[in-house]
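Enquirer: I am attaching a structure below and will ask some questions about it afterwards.
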Amino acid sequence: MTTTTASPTRRDVLPWSALLALGTAVFITSLTETLPAGVLPQMSSSIGVNSGAAGQTVTVYATGTALTAIPLAAATAGIRRKPLLLGAMTVFLVANTLTAAAPGYAVLLVSRFLAGVAAGLAWAILAGYARRIAPAGREGRAIAIAMTGIPLALSLGVPAGTLIGQQIGWRASFAAVSVITLAVLAWITVSVPAVNRPTAPAEEPKPTTLQTLRVPGVTATLVVVVTFVLGHTILYAYIAPYLRHAGLATAVDAILLTFGIACLVSIWYTGRHIDRHPRGLALTAATLFTVGTAVFATTTAQTAVWVAAVAWGLGWGGTPTLLQTATGHAGMRRGPAVADTAQAILVTLWNAAMALGGIIGGILLQRVDITADAVAAAGLGILSLAVITLARKHAFAPTEQDAP
């Protein structure tokens, strides 16, 4: 027998406190994944390894998430969502605190892997959780609020963590995340309602990965996850060398801030319109991303680079929300359990694409030149646009079925 779903006082009102708590959980787990990139010199010096070895702390985190998100989501399908989320965030807190206190490289790698495992389980839960506590017809906007944490972590969180690391030390950056995690645990406990388990195991078998991929719209959406995230990461991971190549070495922070502001605009607009116009938003996002990266690939004129950064931010900012919503909505055609499995697959592919993007971008940078990263990103943007266009029958459908 399943638990009952707690509802907002009015079914047409979004549960803002609960969604913001979920969004903050997304923010801190996303921030911690990429935070080492901003404090690599301090981390490598403190631990006694080179920057390349220290950089593997990002790869290990992503690997932990990618390897375990699907099996953990399947194994925990019958567990109540709120205790499971609190448990995942508690493990994340312990692992992140161990990262801050790590006495050596081996302990650092183990703690980062464990944090990635916990974050992967949390991510597999969070989008579905936001969908379940939302009023009917506003599921997309609820997911938009919860998933805001991903682009915010990249555009604002990492620079803030880097500043703390530079002024106080890299351990202080991770310690600050642990303090925020404690507050989030309390916030979730108080504000987030309990929801139904995705399935009653005695009555319905857990969906397999293959069964989930056969649901119309799921595979097409996940292909876009891979192409879009891979293209973004190939360029984002090496944007500083590109900007130096373009003669903008002194403007890296300003351009990234501009990119971040454009992301925020995209998040806001996507959240307002995603339930009714997901396909139009997806096409627009892929087009803006492709145009922006194509400009990077074809010119280093400084004015053009600034404009391209804005287009890139507008295209990328709402993309996590779009992909999470589209994947969940496609999976819901076969029920909440399938939707949750689809989200777990998304988490795995997302982190695999991030890890692969860093590797491919580095190879292109070393063996070709920095503009090759931009060319690859633009090519993957075109591929994303093609898949969205061709999958119009089942993927990126409106949440409101009567929407135009």
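Just so we're on the same page: first chain in the structure tokens is A, next is B, and so on; residues restart at 1 for each chain, and ligands are numbered from 1 in the order they show up.
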Considering only C-alpha atoms, give me a table of residues in range 7-78 of chain A that are at most 10 Å from range 337-361 of chain A, with the closest atom pair and distance in Å for each, as JSON lines.
Expert:
{"residue": "A:Glu33", "atom": "CA", "partner": "A:Asn351", "partner_atom": "CA", "distance": 9.8}
{"residue": "A:Gln56", "atom": "CA", "partner": "A:Ala355", "partner_atom": "CA", "distance": 9.9}
{"residue": "A:Val58", "atom": "CA", "partner": "A:Ala355", "partner_atom": "CA", "distance": 8.1}
{"residue": "A:Thr59", "atom": "CA", "partner": "A:Ala355", "partner_atom": "CA", "distance": 5.9}
{"residue": "A:Val60", "atom": "CA", "partner": "A:Ala355", "partner_atom": "CA", "distance": 9.0}
{"residue": "A:Tyr61", "atom": "CA", "partner": "A:Asn351", "partner_atom": "CA", "distance": 8.9}
{"residue": "A:Ala62", "atom": "CA", "partner": "A:Asn351", "partner_atom": "CA", "distance": 5.2}
{"residue": "A:Thr63", "atom": "CA", "partner": "A:Ala352", "partner_atom": "CA", "distance": 7.1}
{"residue": "A:Gly64", "atom": "CA", "partner": "A:Asn351", "partner_atom": "CA", "distance": 9.1}
{"residue": "A:Thr65", "atom": "CA", "partner": "A:Thr348", "partner_atom": "CA", "distance": 6.4}
{"residue": "A:Ala66", "atom": "CA", "partner": "A:Thr348", "partner_atom": "CA", "distance": 4.0}
{"residue": "A:Leu67", "atom": "CA", "partner": "A:Thr348", "partner_atom": "CA", "distance": 6.9}
{"residue": "A:Thr68", "atom": "CA", "partner": "A:Thr348", "partner_atom": "CA", "distance": 7.8}
{"residue": "A:Ala69", "atom": "CA", "partner": "A:Ala344", "partner_atom": "CA", "distance": 5.5}
{"residue": "A:Ile70", "atom": "CA", "partner": "A:Ala344", "partner_atom": "CA", "distance": 5.0}
{"residue": "A:Pro71", "atom": "CA", "partner": "A:Ala344", "partner_atom": "CA", "distance": 8.5}
{"residue": "A:Leu72", "atom": "CA", "partner": "A:Ala344", "partner_atom": "CA", "distance": 8.6}
{"residue": "A:Ala73", "atom": "CA", "partner": "A:Ala344", "partner_atom": "CA", "distance": 6.2}
{"residue": "A:Ala74", "atom": "CA", "partner": "A:Thr341", "partner_atom": "CA", "distance": 6.9}
{"residue": "A:Ala77", "atom": "CA", "partner": "A:Ala337", "partner_atom": "CA", "distance": 7.2}
{"residue": "A:Gly78", "atom": "CA", "partner": "A:Ala337", "partner_atom": "CA", "distance": 9.3}
Enquirer: Compile the contact shell of range 325-327 of chain A as a PyMOL selection string: residues with an atom at most 8 Å away, counting only C-alpha atoms, same-chain residues fewer than 5 positions apart removed.
Expert: chain A and resi 127+139-140+143-144+217-218+221-222+278+339+342-343+346+395-397
Enquirer: Keeping C-alpha atoms for every residue in the selection just given, could you write it to a file as a compact mmCIF listing (two decimals), in the first residue's frame?
Expert:
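Contents of out_38.txt, as written:
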# COMPACT_ATOMS: atom_id res chain seq x y z
CA ALA A 127 12.73 16.01 -10.67
CA GLU A 139 4.47 20.09 -13.39
CA GLY A 140 6.90 21.66 -15.85
CA ILE A 143 10.57 21.08 -12.27
CA ALA A 144 11.90 24.37 -13.65
CA GLY A 217 9.71 9.84 -26.69
CA VAL A 218 12.12 8.67 -23.99
CA THR A 221 14.89 12.96 -25.39
CA LEU A 222 17.86 11.11 -23.91
CA PRO A 278 8.21 22.63 -24.53
CA ALA A 339 9.28 8.22 -15.26
CA ALA A 342 13.91 7.54 -17.14
CA GLN A 343 15.19 10.26 -14.79
CA LEU A 346 19.10 10.87 -17.67
CA ALA A 395 9.19 13.93 -27.56
CA PHE A 396 8.92 17.39 -26.00
CA ALA A 397 5.12 17.27 -25.88
Enquirer: Which of these residues is nearest to Ala54 in chain A, using only C-alpha atoms: A:Ile239, A:Leu108, A:Ala100, A:Leu93?
Expert: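 Closest residue, counting only C-alpha atoms: A:Leu108.
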Enquirer: Would you please give, as a ChimeraX atom specification, all residues of range 23-202 of chain A that DSSP assigns to helix (DSSP H, G or I) based on the backbone?
Expert: /A:23-38,40-47,51-75,81-101,105-132,139-147,149-167,170-191
Enquirer: Write to file, as a compact mmCIF listing (two decimals), in the first residue's frame, the residues of the selection just made, with C-alpha atoms.
Expert:
# COMPACT_ATOMS: atom_id res chain seq x y z
CA GLY A 23 16.20 23.47 -5.87
CA THR A 24 18.80 24.22 -3.21
CA ALA A 25 19.58 20.50 -2.96
CA VAL A 26 20.13 20.46 -6.72
CA PHE A 27 22.31 23.56 -6.42
CA ILE A 28 24.70 22.22 -3.80
CA THR A 29 25.10 18.79 -5.38
CA SER A 30 25.74 20.38 -8.79
CA LEU A 31 28.10 22.97 -7.31
CA THR A 32 30.21 20.36 -5.55
CA GLU A 33 30.67 18.39 -8.76
CA THR A 34 32.46 21.22 -10.58
CA LEU A 35 33.87 23.17 -7.62
CA PRO A 36 37.37 21.61 -7.85
CA ALA A 37 37.83 23.27 -11.25
CA GLY A 38 37.92 26.66 -9.52
CA LEU A 40 42.68 23.25 -8.52
CA PRO A 41 45.93 25.12 -7.73
CA GLN A 42 45.17 25.29 -3.99
CA MET A 43 43.89 21.71 -3.89
CA SER A 44 46.86 20.23 -5.77
CA SER A 45 49.37 22.13 -3.63
CA SER A 46 47.70 21.09 -0.37
CA ILE A 47 47.32 17.41 -1.27
CA SER A 51 46.77 19.86 -11.25
CA GLY A 52 45.92 17.06 -13.67
CA ALA A 53 45.61 14.58 -10.81
CA ALA A 54 43.59 17.03 -8.75
CA GLY A 55 41.30 17.54 -11.72
CA GLN A 56 40.37 13.86 -11.57
CA THR A 57 38.29 14.67 -8.50
CA VAL A 58 35.70 16.01 -10.95
CA THR A 59 35.89 12.85 -13.07
CA VAL A 60 35.58 10.58 -10.02
CA TYR A 61 32.47 12.44 -8.82
CA ALA A 62 30.82 12.19 -12.25
CA THR A 63 31.82 8.53 -12.51
CA GLY A 64 30.22 7.74 -9.15
CA THR A 65 27.00 9.33 -10.33
CA ALA A 66 27.03 7.74 -13.78
CA LEU A 67 27.77 4.20 -12.56
CA THR A 68 25.23 4.05 -9.75
CA ALA A 69 22.25 6.28 -10.59
CA ILE A 70 20.32 3.63 -12.55
CA PRO A 71 20.93 0.61 -10.27
CA LEU A 72 20.28 2.65 -7.12
CA ALA A 73 17.09 4.13 -8.55
CA ALA A 74 15.87 0.62 -9.44
CA ALA A 75 16.87 -0.83 -6.07
CA ARG A 81 10.63 9.27 -1.49
CA LYS A 82 11.14 11.69 1.39
CA PRO A 83 13.17 9.36 3.66
CA LEU A 84 15.17 8.27 0.61
CA LEU A 85 15.95 11.87 -0.36
CA LEU A 86 16.94 12.74 3.21
CA GLY A 87 19.15 9.66 3.35
CA ALA A 88 20.88 10.52 0.08
CA MET A 89 21.52 14.09 1.20
CA THR A 90 22.86 12.85 4.56
CA VAL A 91 25.36 10.58 2.80
CA PHE A 92 26.28 13.53 0.58
CA LEU A 93 26.86 15.67 3.69
CA VAL A 94 29.19 13.07 5.22
CA ALA A 95 31.12 12.57 1.97
CA ASN A 96 31.49 16.29 1.28
CA THR A 97 32.67 16.93 4.84
CA LEU A 98 35.23 14.16 4.40
CA THR A 99 36.37 15.91 1.22
CA ALA A 100 36.93 19.14 3.14
CA ALA A 101 38.99 17.28 5.76
CA TYR A 105 44.78 12.07 -2.25
CA ALA A 106 43.35 8.57 -1.75
CA VAL A 107 40.83 9.73 0.85
CA LEU A 108 39.93 12.67 -1.36
CA LEU A 109 39.13 10.40 -4.31
CA VAL A 110 37.04 8.03 -2.17
CA SER A 111 35.07 10.88 -0.63
CA ARG A 112 34.41 12.42 -4.03
CA PHE A 113 33.21 9.11 -5.46
CA LEU A 114 30.86 8.62 -2.50
CA ALA A 115 29.54 12.16 -2.86
CA GLY A 116 28.87 11.48 -6.54
CA VAL A 117 26.95 8.31 -5.71
CA ALA A 118 24.76 10.16 -3.20
CA ALA A 119 24.21 13.07 -5.59
CA GLY A 120 23.23 10.70 -8.40
CA LEU A 121 20.52 9.10 -6.28
CA ALA A 122 19.28 12.51 -5.16
CA TRP A 123 19.13 13.80 -8.76
CA ALA A 124 17.20 10.71 -9.84
CA ILE A 125 14.60 11.56 -7.18
CA LEU A 126 14.39 15.34 -7.32
CA ALA A 127 12.73 16.01 -10.67
CA GLY A 128 10.11 13.35 -10.06
CA TYR A 129 9.54 14.73 -6.58
CA ALA A 130 8.93 18.22 -7.93
CA ARG A 131 6.52 16.81 -10.50
CA ARG A 132 4.52 14.94 -7.85
CA GLU A 139 4.47 20.09 -13.39
CA GLY A 140 6.90 21.66 -15.85
CA ARG A 141 7.12 24.90 -13.93
CA ALA A 142 7.68 23.00 -10.69
CA ILE A 143 10.57 21.08 -12.27
CA ALA A 144 11.90 24.37 -13.65
CA ILE A 145 12.11 25.79 -10.13
CA ALA A 146 13.75 22.67 -8.72
CA MET A 147 16.25 22.35 -11.59
CA GLY A 149 20.08 24.84 -9.20
CA ILE A 150 22.10 23.31 -12.06
CA PRO A 151 22.77 26.44 -14.15
CA LEU A 152 22.96 28.57 -11.00
CA ALA A 153 25.70 26.32 -9.67
CA LEU A 154 27.71 26.78 -12.88
CA SER A 155 27.11 30.48 -13.39
CA LEU A 156 27.17 31.77 -9.80
CA GLY A 157 28.08 28.99 -7.37
CA VAL A 158 31.44 27.99 -8.82
CA PRO A 159 32.72 31.61 -9.00
CA ALA A 160 31.62 32.17 -5.39
CA GLY A 161 33.27 28.94 -4.26
CA THR A 162 36.41 29.88 -6.15
CA LEU A 163 36.53 33.24 -4.39
CA ILE A 164 36.21 31.55 -0.99
CA GLY A 165 38.94 29.10 -1.98
CA GLN A 166 41.28 31.87 -3.04
CA GLN A 167 40.69 33.99 0.07
CA TRP A 170 39.86 25.22 -0.84
CA ARG A 171 38.77 23.28 2.24
CA ALA A 172 36.67 26.25 3.33
CA SER A 173 34.75 26.09 0.04
CA PHE A 174 33.70 22.49 0.66
CA ALA A 175 33.05 23.17 4.34
CA ALA A 176 30.67 25.97 3.32
CA VAL A 177 28.77 23.48 1.13
CA SER A 178 28.45 21.15 4.13
CA VAL A 179 26.99 23.93 6.26
CA ILE A 180 24.44 24.70 3.53
CA THR A 181 23.63 20.99 3.28
CA LEU A 182 22.76 20.88 6.98
CA ALA A 183 20.34 23.75 6.46
CA VAL A 184 18.84 22.04 3.39
CA LEU A 185 18.25 18.83 5.34
CA ALA A 186 16.28 20.77 7.93
CA TRP A 187 14.42 22.68 5.20
CA ILE A 188 13.41 19.49 3.40
CA THR A 189 12.29 17.89 6.67
CA VAL A 190 10.00 20.81 7.48
CA SER A 191 8.75 21.97 4.08
Enquirer: Hey, can you check how far CA of Gly318 in chain A sits from CA of Ile267 in chain A?
Expert: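 So the answer is 4.5 Å.
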Enquirer: Contacts of Ile261 in chain A at 9 Å or less, counting only C-alpha atoms, minus same-chain residues fewer than 3 places along, as a PyMOL selection string?
Expert: chain A and resi 155+256-258+264-266+310+313-314
Enquirer: List the neighbours of range 370-372 of chain A out to 12 Å using only C-alpha atoms; skip same-chain residues closer than 5 positions along the sequence, and give me the result as number ranges by chain.
Expert: A: 231, 234-246, 293-300, 360-365, 377-379
Enquirer: Pick out the closest residue to Gly104 in chain A from this set: A:Val225, A:Ala282, A:Gly335, A:Val49. Count only C-alpha atoms.
Expert: A:Val49
Enquirer: So how far away is CA of Thr319 in chain A from CA of Gln366 in chain A, in Å?
Expert: 28.9 Å
